[in-house]
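So this block is query-v2.cif, mmCIF, C-alpha atoms:
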data_start
#
loop_
_atom_site.group_PDB
_atom_site.id
_atom_site.type_symbol
_atom_site.label_atom_id
_atom_site.label_comp_id
_atom_site.auth_asym_id
_atom_site.auth_seq_id
_atom_site.Cartn_x
_atom_site.Cartn_y
_atom_site.Cartn_z
ATOM 1 C CA MET P 335 77.352 -21.850 -18.857
ATOM 2 C CA LYS P 336 73.747 -22.767 -18.126
ATOM 3 C CA LYS P 337 72.900 -19.070 -17.822
ATOM 4 C CA LEU P 338 74.500 -18.385 -21.183
ATOM 5 C CA LEU P 339 72.544 -21.261 -22.774
ATOM 6 C CA VAL P 340 69.268 -20.047 -21.244
ATOM 7 C CA ILE P 341 69.959 -16.494 -22.447
ATOM 8 C CA ALA P 342 70.791 -17.759 -25.948
ATOM 9 C CA LEU P 343 67.615 -19.871 -26.069
ATOM 10 C CA LEU P 344 65.542 -16.975 -24.755
ATOM 11 C CA ALA P 345 67.074 -14.594 -27.309
ATOM 12 C CA SER P 346 66.370 -16.991 -30.176
ATOM 13 C CA PHE P 347 62.787 -17.457 -28.943
ATOM 14 C CA ILE P 348 62.224 -13.687 -28.802
ATOM 15 C CA THR P 349 63.765 -13.300 -32.258
ATOM 16 C CA ALA P 350 61.540 -16.049 -33.622
ATOM 17 C CA CYS P 351 58.461 -14.366 -32.129
ATOM 18 C CA GLY P 352 59.524 -11.044 -33.590
ATOM 19 C CA SER P 353 60.076 -12.529 -37.027
ATOM 20 C CA ASP P 354 56.361 -13.028 -37.560
ATOM 21 C CA LYS P 355 55.686 -11.466 -40.945
ATOM 22 C CA GLU P 356 52.473 -9.835 -39.684
ATOM 23 C CA ALA P 357 54.309 -8.074 -36.851
ATOM 24 C CA ALA P 358 56.782 -6.573 -39.311
ATOM 25 C CA LEU P 359 54.020 -4.990 -41.373
ATOM 26 C CA GLU P 360 52.911 -1.485 -40.565
ATOM 27 C CA CYS P 361 49.300 -0.480 -40.078
ATOM 28 C CA PRO P 362 47.568 1.229 -42.988
ATOM 29 C CA PRO P 363 47.317 5.024 -42.784
ATOM 30 C CA THR P 364 44.161 6.481 -41.313
ATOM 31 C CA ALA P 365 41.969 8.577 -43.576
ATOM 32 C CA ILE P 366 41.520 12.171 -42.434
ATOM 33 C CA ALA P 367 38.407 12.879 -44.542
ATOM 34 C CA ILE P 368 36.298 11.612 -47.419
ATOM 35 C CA ASP P 369 35.698 13.138 -50.819
ATOM 36 C CA ILE P 370 31.921 12.720 -51.173
ATOM 37 C CA ASN P 371 30.666 10.845 -54.228
ATOM 38 C CA ASP P 372 27.331 9.488 -52.961
ATOM 39 C CA ILE P 373 24.508 10.621 -50.667
ATOM 40 C CA LYS P 374 21.764 8.306 -49.468
ATOM 41 C CA LEU P 375 18.438 9.469 -48.078
ATOM 42 C CA ALA P 376 15.931 7.688 -45.833
ATOM 43 C CA VAL P 377 12.548 8.753 -44.458
ATOM 44 C CA ASN P 378 12.069 7.910 -40.778
ATOM 45 C CA ASN P 379 15.130 5.624 -40.863
ATOM 46 C CA GLY P 380 13.680 3.735 -43.829
ATOM 47 C CA GLN P 381 10.614 2.743 -41.794
ATOM 48 C CA TYR P 382 8.153 5.007 -43.599
ATOM 49 C CA GLN P 383 5.710 3.170 -45.902
ATOM 50 C CA ALA P 384 5.099 5.214 -49.079
ATOM 51 C CA ASN P 385 1.810 7.121 -49.180
ATOM 52 C CA THR P 386 0.931 6.343 -45.546
ATOM 53 C CA LEU P 387 -0.758 9.257 -43.762
ATOM 54 C CA ILE P 388 1.627 10.891 -41.299
ATOM 55 C CA SER P 389 1.614 14.148 -39.355
ATOM 56 C CA TYR P 390 3.996 16.753 -40.767
ATOM 57 C CA ASP P 391 5.901 16.957 -37.457
ATOM 58 C CA LYS P 392 6.648 13.213 -37.471
ATOM 59 C CA ILE P 393 8.642 13.226 -40.728
ATOM 60 C CA ASN P 394 12.409 12.910 -40.516
ATOM 61 C CA VAL P 395 14.496 12.793 -43.699
ATOM 62 C CA SER P 396 18.031 11.605 -42.950
ATOM 63 C CA PHE P 397 21.085 11.867 -45.168
ATOM 64 C CA GLU P 398 24.330 9.906 -45.169
ATOM 65 C CA ALA P 399 27.249 10.853 -47.406
ATOM 66 C CA SER P 400 29.998 8.435 -48.412
ATOM 67 C CA GLY P 401 32.998 8.671 -50.675
ATOM 68 C CA THR P 402 36.684 8.149 -51.310
ATOM 69 C CA ASN P 403 39.167 8.321 -48.437
ATOM 70 C CA VAL P 404 41.505 11.323 -48.282
ATOM 71 C CA TYR P 405 44.883 10.964 -46.529
ATOM 72 C CA SER P 406 47.351 13.521 -45.219
ATOM 73 C CA ALA P 407 50.265 14.375 -47.506
ATOM 74 C CA GLY P 408 53.104 11.911 -47.083
ATOM 75 C CA ASN P 409 50.851 9.374 -45.388
ATOM 76 C CA GLU P 410 48.809 8.156 -48.356
ATOM 77 C CA PHE P 411 47.434 4.649 -48.732
ATOM 78 C CA ASP P 412 49.559 2.586 -51.148
ATOM 79 C CA GLU P 413 47.544 -0.094 -52.976
ATOM 80 C CA ASN P 414 50.757 -1.949 -53.865
ATOM 81 C CA LYS P 415 51.892 -2.243 -50.271
ATOM 82 C CA THR P 416 50.927 -5.030 -47.857
ATOM 83 C CA TYR P 417 49.646 -3.751 -44.522
ATOM 84 C CA ALA P 418 49.083 -5.496 -41.212
ATOM 85 C CA GLU P 419 45.540 -6.788 -40.784
ATOM 86 C CA ASN P 420 45.352 -6.832 -37.000
ATOM 87 C CA CYS P 421 45.558 -3.073 -36.444
ATOM 88 C CA VAL P 422 43.282 -1.740 -33.744
ATOM 89 C CA THR P 423 41.842 1.706 -34.400
ATOM 90 C CA LEU P 424 39.227 3.644 -32.533
ATOM 91 C CA PRO P 425 35.949 4.147 -34.407
ATOM 92 C CA VAL P 426 35.586 7.769 -35.520
ATOM 93 C CA VAL P 427 33.338 9.606 -37.917
ATOM 94 C CA ILE P 428 35.597 10.795 -40.707
ATOM 95 C CA PRO P 429 34.520 14.292 -41.817
ATOM 96 C CA ALA P 430 33.780 15.344 -45.375
ATOM 97 C CA ASN P 431 36.465 17.078 -47.405
ATOM 98 C CA ASN P 432 33.892 19.046 -49.395
ATOM 99 C CA LYS P 433 32.031 22.299 -49.135
ATOM 100 C CA LEU P 434 28.311 22.510 -49.714
ATOM 101 C CA THR P 435 27.577 25.038 -52.472
ATOM 102 C CA LYS P 436 23.835 24.513 -53.051
ATOM 103 C CA LEU P 437 20.924 23.153 -51.025
ATOM 104 C CA ASN P 438 17.309 23.384 -52.147
ATOM 105 C CA VAL P 439 14.084 21.517 -51.355
ATOM 106 C CA TYR P 440 10.881 21.467 -53.382
ATOM 107 C CA SER P 441 7.814 19.257 -53.754
ATOM 108 C CA SER P 442 5.762 17.599 -56.463
ATOM 109 C CA ALA P 443 2.562 18.998 -54.876
ATOM 110 C CA ASP P 444 1.284 22.282 -53.481
ATOM 111 C CA PHE P 445 2.333 22.800 -49.862
ATOM 112 C CA SER P 446 0.217 25.933 -49.476
ATOM 113 C CA ALA P 447 -1.413 28.587 -51.648
ATOM 114 C CA ASP P 448 1.920 30.449 -51.714
ATOM 115 C CA LEU P 449 4.200 27.399 -51.917
ATOM 116 C CA THR P 450 3.003 25.657 -55.042
ATOM 117 C CA ALA P 451 4.522 22.525 -56.575
ATOM 118 C CA GLY P 452 8.104 23.154 -57.675
ATOM 119 C CA SER P 453 8.645 26.248 -55.516
ATOM 120 C CA SER P 454 11.356 26.293 -52.869
ATOM 121 C CA LEU P 455 10.401 24.861 -49.484
ATOM 122 C CA ASN P 456 13.633 25.992 -47.821
ATOM 123 C CA ASP P 457 11.730 28.035 -45.213
ATOM 124 C CA VAL P 458 9.487 25.159 -44.061
ATOM 125 C CA PHE P 459 12.274 22.588 -43.665
ATOM 126 C CA SER P 460 14.763 22.695 -40.808
ATOM 127 C CA VAL P 461 18.173 21.052 -40.842
ATOM 128 C CA ILE P 462 19.145 19.134 -37.711
ATOM 129 C CA GLU P 463 22.650 17.985 -36.759
ATOM 130 C CA PHE P 464 24.272 20.375 -39.194
ATOM 131 C CA ASN P 465 27.053 22.213 -37.369
ATOM 132 C CA ILE P 466 26.556 25.853 -38.320
ATOM 133 C CA GLU P 467 28.351 28.608 -36.442
ATOM 134 C CA ASN P 468 29.328 26.070 -33.723
ATOM 135 C CA SER P 469 25.685 25.378 -32.944
ATOM 136 C CA GLN P 470 23.819 22.090 -33.165
ATOM 137 C CA GLU P 471 20.398 23.778 -33.150
ATOM 138 C CA ALA P 472 17.978 23.267 -35.998
ATOM 139 C CA VAL P 473 18.039 26.014 -38.615
ATOM 140 C CA THR P 474 16.002 26.420 -41.770
ATOM 141 C CA VAL P 475 17.407 25.334 -45.112
ATOM 142 C CA THR P 476 17.143 29.040 -46.060
ATOM 143 C CA LYS P 477 19.612 29.887 -43.249
ATOM 144 C CA VAL P 478 22.014 27.216 -44.524
ATOM 145 C CA GLU P 479 21.720 28.647 -48.061
ATOM 146 C CA GLU P 480 22.632 32.123 -46.749
ATOM 147 C CA LEU P 481 25.870 30.774 -45.250
ATOM 148 C CA LEU P 482 27.085 28.859 -48.318
ATOM 149 C CA PRO P 483 29.685 27.700 -49.036
ATOM 150 C CA ILE P 484 30.123 25.783 -45.771
ATOM 151 C CA MET P 485 31.616 22.400 -44.915
ATOM 152 C CA MET P 486 29.335 19.535 -45.851
ATOM 153 C CA GLN P 487 28.246 17.272 -43.020
ATOM 154 C CA ARG P 488 28.329 13.518 -43.579
ATOM 155 C CA TYR P 489 25.162 12.928 -41.546
ATOM 156 C CA PHE P 490 22.244 15.315 -41.128
ATOM 157 C CA ASN P 491 18.434 15.376 -40.980
ATOM 158 C CA PHE P 492 15.565 17.466 -42.294
ATOM 159 C CA THR P 493 12.264 17.974 -40.505
ATOM 160 C CA LEU P 494 9.244 20.074 -41.397
ATOM 161 C CA ASN P 495 8.789 23.105 -39.140
ATOM 162 C CA THR P 496 5.440 24.185 -40.663
ATOM 163 C CA ALA P 497 2.214 22.297 -41.291
ATOM 164 C CA PRO P 498 1.098 22.012 -44.908
ATOM 165 C CA GLU P 499 -2.031 23.956 -45.800
ATOM 166 C CA PHE P 500 -3.379 20.963 -47.695
ATOM 167 C CA GLU P 501 -3.446 17.280 -46.826
ATOM 168 C CA SER P 502 -1.660 15.894 -49.839
ATOM 169 C CA SER P 503 0.922 13.420 -51.119
ATOM 170 C CA HIS P 504 4.351 14.896 -51.724
ATOM 171 C CA VAL P 505 7.527 13.650 -53.311
ATOM 172 C CA PHE P 506 10.180 15.947 -51.868
ATOM 173 C CA TYR P 507 13.199 16.682 -54.059
ATOM 174 C CA ILE P 508 16.474 17.789 -52.501
ATOM 175 C CA GLU P 509 19.178 19.390 -54.650
ATOM 176 C CA ILE P 510 22.714 19.270 -53.261
ATOM 177 C CA SER P 511 25.857 20.580 -54.959
ATOM 178 C CA LEU P 512 29.426 20.313 -53.689
ATOM 179 C CA ASP P 513 32.655 22.127 -54.472
ATOM 180 C CA ASN P 514 34.115 18.941 -55.986
ATOM 181 C CA GLY P 515 31.606 19.339 -58.852
ATOM 182 C CA LYS P 516 29.253 16.596 -57.670
ATOM 183 C CA GLN P 517 25.544 17.348 -57.929
ATOM 184 C CA PHE P 518 22.787 15.251 -56.405
ATOM 185 C CA LEU P 519 19.025 15.258 -56.905
ATOM 186 C CA LEU P 520 17.553 13.077 -54.176
ATOM 187 C CA GLU P 521 13.873 12.262 -53.782
ATOM 188 C CA THR P 522 11.758 10.850 -51.012
ATOM 189 C CA PRO P 523 9.118 8.199 -51.513
ATOM 190 C CA GLU P 524 5.609 9.642 -51.794
ATOM 191 C CA VAL P 525 4.751 11.120 -48.390
ATOM 192 C CA LEU P 526 1.086 11.646 -47.464
ATOM 193 C CA LEU P 527 1.163 14.596 -45.060
ATOM 194 C CA SER P 528 -1.544 15.636 -42.643
ATOM 195 C CA ASN P 529 -1.616 18.999 -40.966
#
The structure in this file should be written as structure tokens.
Amino acid sequence: MKKLLVIALLASFITACGSDKEAALECPPTAIAIDINDIKLAVNNGQYQANTLISYDKINVSFEASGTNVYSAGNEFDENKTYAENCVTLPVVIPANNKLTKLNVYSSADFSADLTAGSSLNDVFSVIEFNIENSQEAVTVTKVEELLPIMMQRYFNFTLNTAPEFESSHVFYIEISLDNGKQFLLETPEVLLSN
């Protein structure tokens, strides 16, 4: 009889623990990608002071894309549903769902006698951390343009691979277009380049 009572008490305790409303809720679905709707740019991780003299090979322009989560079919996020809050997920970089269709860089000032203000600087800028043809090596923006359309990376960097002919202040403009119709014209702060 005592065993039966202990079993009944234990069963009711387990049932009570399992009746926690939070435990009954399922975890929210995990996004499989993002649909890009914003791109932020920073020069030298936001540490660069506008119009401060810097060597051309010390400039790093970084990009970070953000957007709306995309879910797999049948596993969409339901805004009307209550999900568990204590779900543990591993941190992962969610890829973009978009293809890059245009990439162009130009400057407000002359870079050289041949590369005057407003002309494409795609040959003198390299893209770093942009997975092209399963390689992580830096390639010129011109090489990226030749391969378009390709999957857009959420994080990538530009560096100059050529010294400017003139020591001058530049505002670099970067044009980016995506297959979802979004177009971005990003600009750096004024960068005073030395060769």
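Computed from the coordinates, the atom CA of P:Asn378 to atom CA of P:Asn491 distance equals 9.8 Å.
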On this file, the PyMOL selection byres ((chain P and resi 499) around 10) gives some set of residues; write that set as a VMD selection string.
chain P and resid 444 to 449 496 to 498 500 to 502 527 to 529
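Going from atom CA of P:Phe397 over to atom CA of P:Leu455, you cover 17.4 Å.
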Which one is closest to P:Ala358: P:Phe459, P:Phe506, P:Tyr390, P:Tyr417? Count all atoms listed in the file.
P:Tyr417
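Counting only C-alpha atoms, the residue from P:Ile368, P:Ala430, P:Val422, P:Ala376 that sits nearest to P:Gln487 is P:Ala430.
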Neighbours of P:Met485 within 8 Å (all atoms listed in the file; same-chain residues fewer than 6 positions away dropped), as a PyMOL selection string?
chain P and resi 430-434
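Minimum atom-to-atom distance to P:Ile510, evaluated using all atoms listed in the file, belongs to P:Asn438 out of P:Ser400, P:Thr364, P:Asn438, P:Ser460.
In this structure, atom CA of P:Pro523 sits 15.6 Å away from atom CA of P:Leu494.
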Report as lines of an AutoDock Vina configuration file the centre and the edge lengths, in Å to one decimal, of the axis-aligned box holding every listed atom of stretch 508-518 of chain P, padded by 5 Å on each side.
center_x = 25.3
center_y = 18.7
center_z = -55.7
size_x = 27.6
size_y = 16.9
size_z = 16.4
Residues within 12 Å of P:Asn385, please, as a ChimeraX atom specification. Count all atoms listed in the file; anything in the same chain fewer than 2 positions from it doesn't count.
/P:377,382-383,387-388,501-505,522-528
Expected residue set, 12 Å radius at (50.5, 8.3, -46.7), only C-alpha atoms, as an mmCIF file with C-alpha atoms, in the frame of the given file:
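Here's the written file part-v1.cif:
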data_model
loop_
_atom_site.group_PDB
_atom_site.id
_atom_site.type_symbol
_atom_site.label_atom_id
_atom_site.label_comp_id
_atom_site.auth_asym_id
_atom_site.auth_seq_id
_atom_site.Cartn_x
_atom_site.Cartn_y
_atom_site.Cartn_z
ATOM 1 C CA GLU P 360 52.911 -1.485 -40.565
ATOM 2 C CA CYS P 361 49.300 -0.480 -40.078
ATOM 3 C CA PRO P 362 47.568 1.229 -42.988
ATOM 4 C CA PRO P 363 47.317 5.024 -42.784
ATOM 5 C CA THR P 364 44.161 6.481 -41.313
ATOM 6 C CA ALA P 365 41.969 8.577 -43.576
ATOM 7 C CA ILE P 366 41.520 12.171 -42.434
ATOM 8 C CA ASN P 403 39.167 8.321 -48.437
ATOM 9 C CA VAL P 404 41.505 11.323 -48.282
ATOM 10 C CA TYR P 405 44.883 10.964 -46.529
ATOM 11 C CA SER P 406 47.351 13.521 -45.219
ATOM 12 C CA ALA P 407 50.265 14.375 -47.506
ATOM 13 C CA GLY P 408 53.104 11.911 -47.083
ATOM 14 C CA ASN P 409 50.851 9.374 -45.388
ATOM 15 C CA GLU P 410 48.809 8.156 -48.356
ATOM 16 C CA PHE P 411 47.434 4.649 -48.732
ATOM 17 C CA ASP P 412 49.559 2.586 -51.148
ATOM 18 C CA GLU P 413 47.544 -0.094 -52.976
ATOM 19 C CA LYS P 415 51.892 -2.243 -50.271
#
Specify as a ChimeraX atom specification each residue included when the PyMOL selection byres ((chain P and resi 519) around 6) is applied to this file.
/P:508-509,518,520
List as a PDB file with C-alpha atoms, in the frame of the given file the protein and nucleic acid residues near P:Thr493, meaning an atom at most 8 Å away when only C-alpha atoms are counted, but skip any in the same chain fewer than 4 places from it.
ATOM      1  CA  ASP P 391       5.901  16.957 -37.457  1.00  0.00           C
ATOM      2  CA  LYS P 392       6.648  13.213 -37.471  1.00  0.00           C
ATOM      3  CA  ILE P 393       8.642  13.226 -40.728  1.00  0.00           C
ATOM      4  CA  ASN P 394      12.409  12.910 -40.516  1.00  0.00           C
ATOM      5  CA  VAL P 395      14.496  12.793 -43.699  1.00  0.00           C
ATOM      6  CA  PHE P 459      12.274  22.588 -43.665  1.00  0.00           C
ATOM      7  CA  SER P 460      14.763  22.695 -40.808  1.00  0.00           C
ATOM      8  CA  VAL P 461      18.173  21.052 -40.842  1.00  0.00           C
ATOM      9  CA  ILE P 462      19.145  19.134 -37.711  1.00  0.00           C
TER      10      ILE P 462
END
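For P:Gly452, the residues within 7 Å (counting only C-alpha atoms, excluding itself and residues fewer than 6 positions away along the chain) are Tyr440, Ser441 and Ser442 of chain P.
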Using only C-alpha atoms, which protein or nucleic acid residues come within 9 Å of P:Pro483? Drop anything in the same chain fewer than 5 positions from it, and give the result as a VMD selection string.
chain P and resid 433 to 436 478 512 to 513
Select, from P:Tyr507, P:Val473, P:Thr416, P:Glu480, the residue with the minimum atom-to-atom distance to P:Ala443, counting all atoms listed in the file.
P:Tyr507
For stretch 446-467 of chain P, supply N, CA, C and O atoms and report the output as a compact mmCIF listing (two decimals), in the coordinates of the input.
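After the write, selection-v4.txt holds the following:
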# COMPACT_ATOMS: atom_id res chain seq x y z
N SER P 446 1.17 24.90 -49.91
CA SER P 446 0.22 25.93 -49.48
C SER P 446 -0.15 26.74 -50.71
O SER P 446 0.37 26.50 -51.80
N ALA P 447 -1.02 27.73 -50.52
CA ALA P 447 -1.41 28.59 -51.65
C ALA P 447 -0.20 29.35 -52.18
O ALA P 447 -0.10 29.61 -53.38
N ASP P 448 0.72 29.71 -51.30
CA ASP P 448 1.92 30.45 -51.71
C ASP P 448 3.05 29.52 -52.18
O ASP P 448 3.87 29.90 -53.01
N LEU P 449 3.12 28.34 -51.60
CA LEU P 449 4.20 27.40 -51.92
C LEU P 449 3.65 26.28 -52.81
O LEU P 449 3.33 25.19 -52.34
N THR P 450 3.56 26.61 -54.08
CA THR P 450 3.00 25.66 -55.04
C THR P 450 4.06 24.63 -55.46
O THR P 450 5.25 24.80 -55.17
N ALA P 451 3.62 23.59 -56.12
CA ALA P 451 4.52 22.52 -56.58
C ALA P 451 5.70 23.12 -57.34
O ALA P 451 5.52 23.99 -58.19
N GLY P 452 6.89 22.69 -57.00
CA GLY P 452 8.10 23.15 -57.68
C GLY P 452 8.74 24.38 -57.06
O GLY P 452 9.88 24.70 -57.37
N SER P 453 8.04 25.08 -56.15
CA SER P 453 8.64 26.25 -55.52
C SER P 453 9.48 25.81 -54.31
O SER P 453 9.27 24.74 -53.75
N SER P 454 10.43 26.64 -53.95
CA SER P 454 11.36 26.29 -52.87
C SER P 454 10.64 26.16 -51.54
O SER P 454 9.84 27.02 -51.15
N LEU P 455 10.95 25.09 -50.82
CA LEU P 455 10.40 24.86 -49.48
C LEU P 455 11.48 25.04 -48.41
O LEU P 455 11.37 24.51 -47.30
N ASN P 456 12.51 25.81 -48.73
CA ASN P 456 13.63 25.99 -47.82
C ASN P 456 13.25 26.63 -46.50
O ASN P 456 13.93 26.43 -45.49
N ASP P 457 12.16 27.41 -46.47
CA ASP P 457 11.73 28.04 -45.21
C ASP P 457 10.95 27.09 -44.31
O ASP P 457 10.87 27.30 -43.11
N VAL P 458 10.33 26.05 -44.87
CA VAL P 458 9.49 25.16 -44.06
C VAL P 458 10.22 23.88 -43.65
O VAL P 458 9.67 23.08 -42.91
N PHE P 459 11.45 23.72 -44.09
CA PHE P 459 12.27 22.59 -43.66
C PHE P 459 13.41 23.10 -42.78
O PHE P 459 14.05 24.10 -43.09
N SER P 460 13.64 22.40 -41.69
CA SER P 460 14.76 22.70 -40.81
C SER P 460 15.81 21.60 -40.96
O SER P 460 15.47 20.44 -41.21
N VAL P 461 17.05 21.99 -40.79
CA VAL P 461 18.17 21.05 -40.84
C VAL P 461 18.62 20.80 -39.41
O VAL P 461 18.85 21.74 -38.65
N ILE P 462 18.72 19.52 -39.05
CA ILE P 462 19.14 19.13 -37.71
C ILE P 462 20.50 18.44 -37.83
O ILE P 462 20.77 17.78 -38.82
N GLU P 463 21.32 18.60 -36.80
CA GLU P 463 22.65 17.98 -36.76
C GLU P 463 23.56 18.50 -37.87
O GLU P 463 24.37 17.78 -38.41
N PHE P 464 23.40 19.76 -38.20
CA PHE P 464 24.27 20.38 -39.19
C PHE P 464 25.00 21.47 -38.45
O PHE P 464 24.40 22.47 -38.06
N ASN P 465 26.29 21.29 -38.21
CA ASN P 465 27.05 22.21 -37.37
C ASN P 465 27.27 23.54 -38.09
O ASN P 465 28.12 23.65 -38.96
N ILE P 466 26.47 24.52 -37.72
CA ILE P 466 26.56 25.85 -38.32
C ILE P 466 26.88 26.84 -37.22
O ILE P 466 26.17 26.90 -36.21
N GLU P 467 27.93 27.59 -37.41
CA GLU P 467 28.35 28.61 -36.44
C GLU P 467 28.49 28.00 -35.05
O GLU P 467 28.03 28.55 -34.06
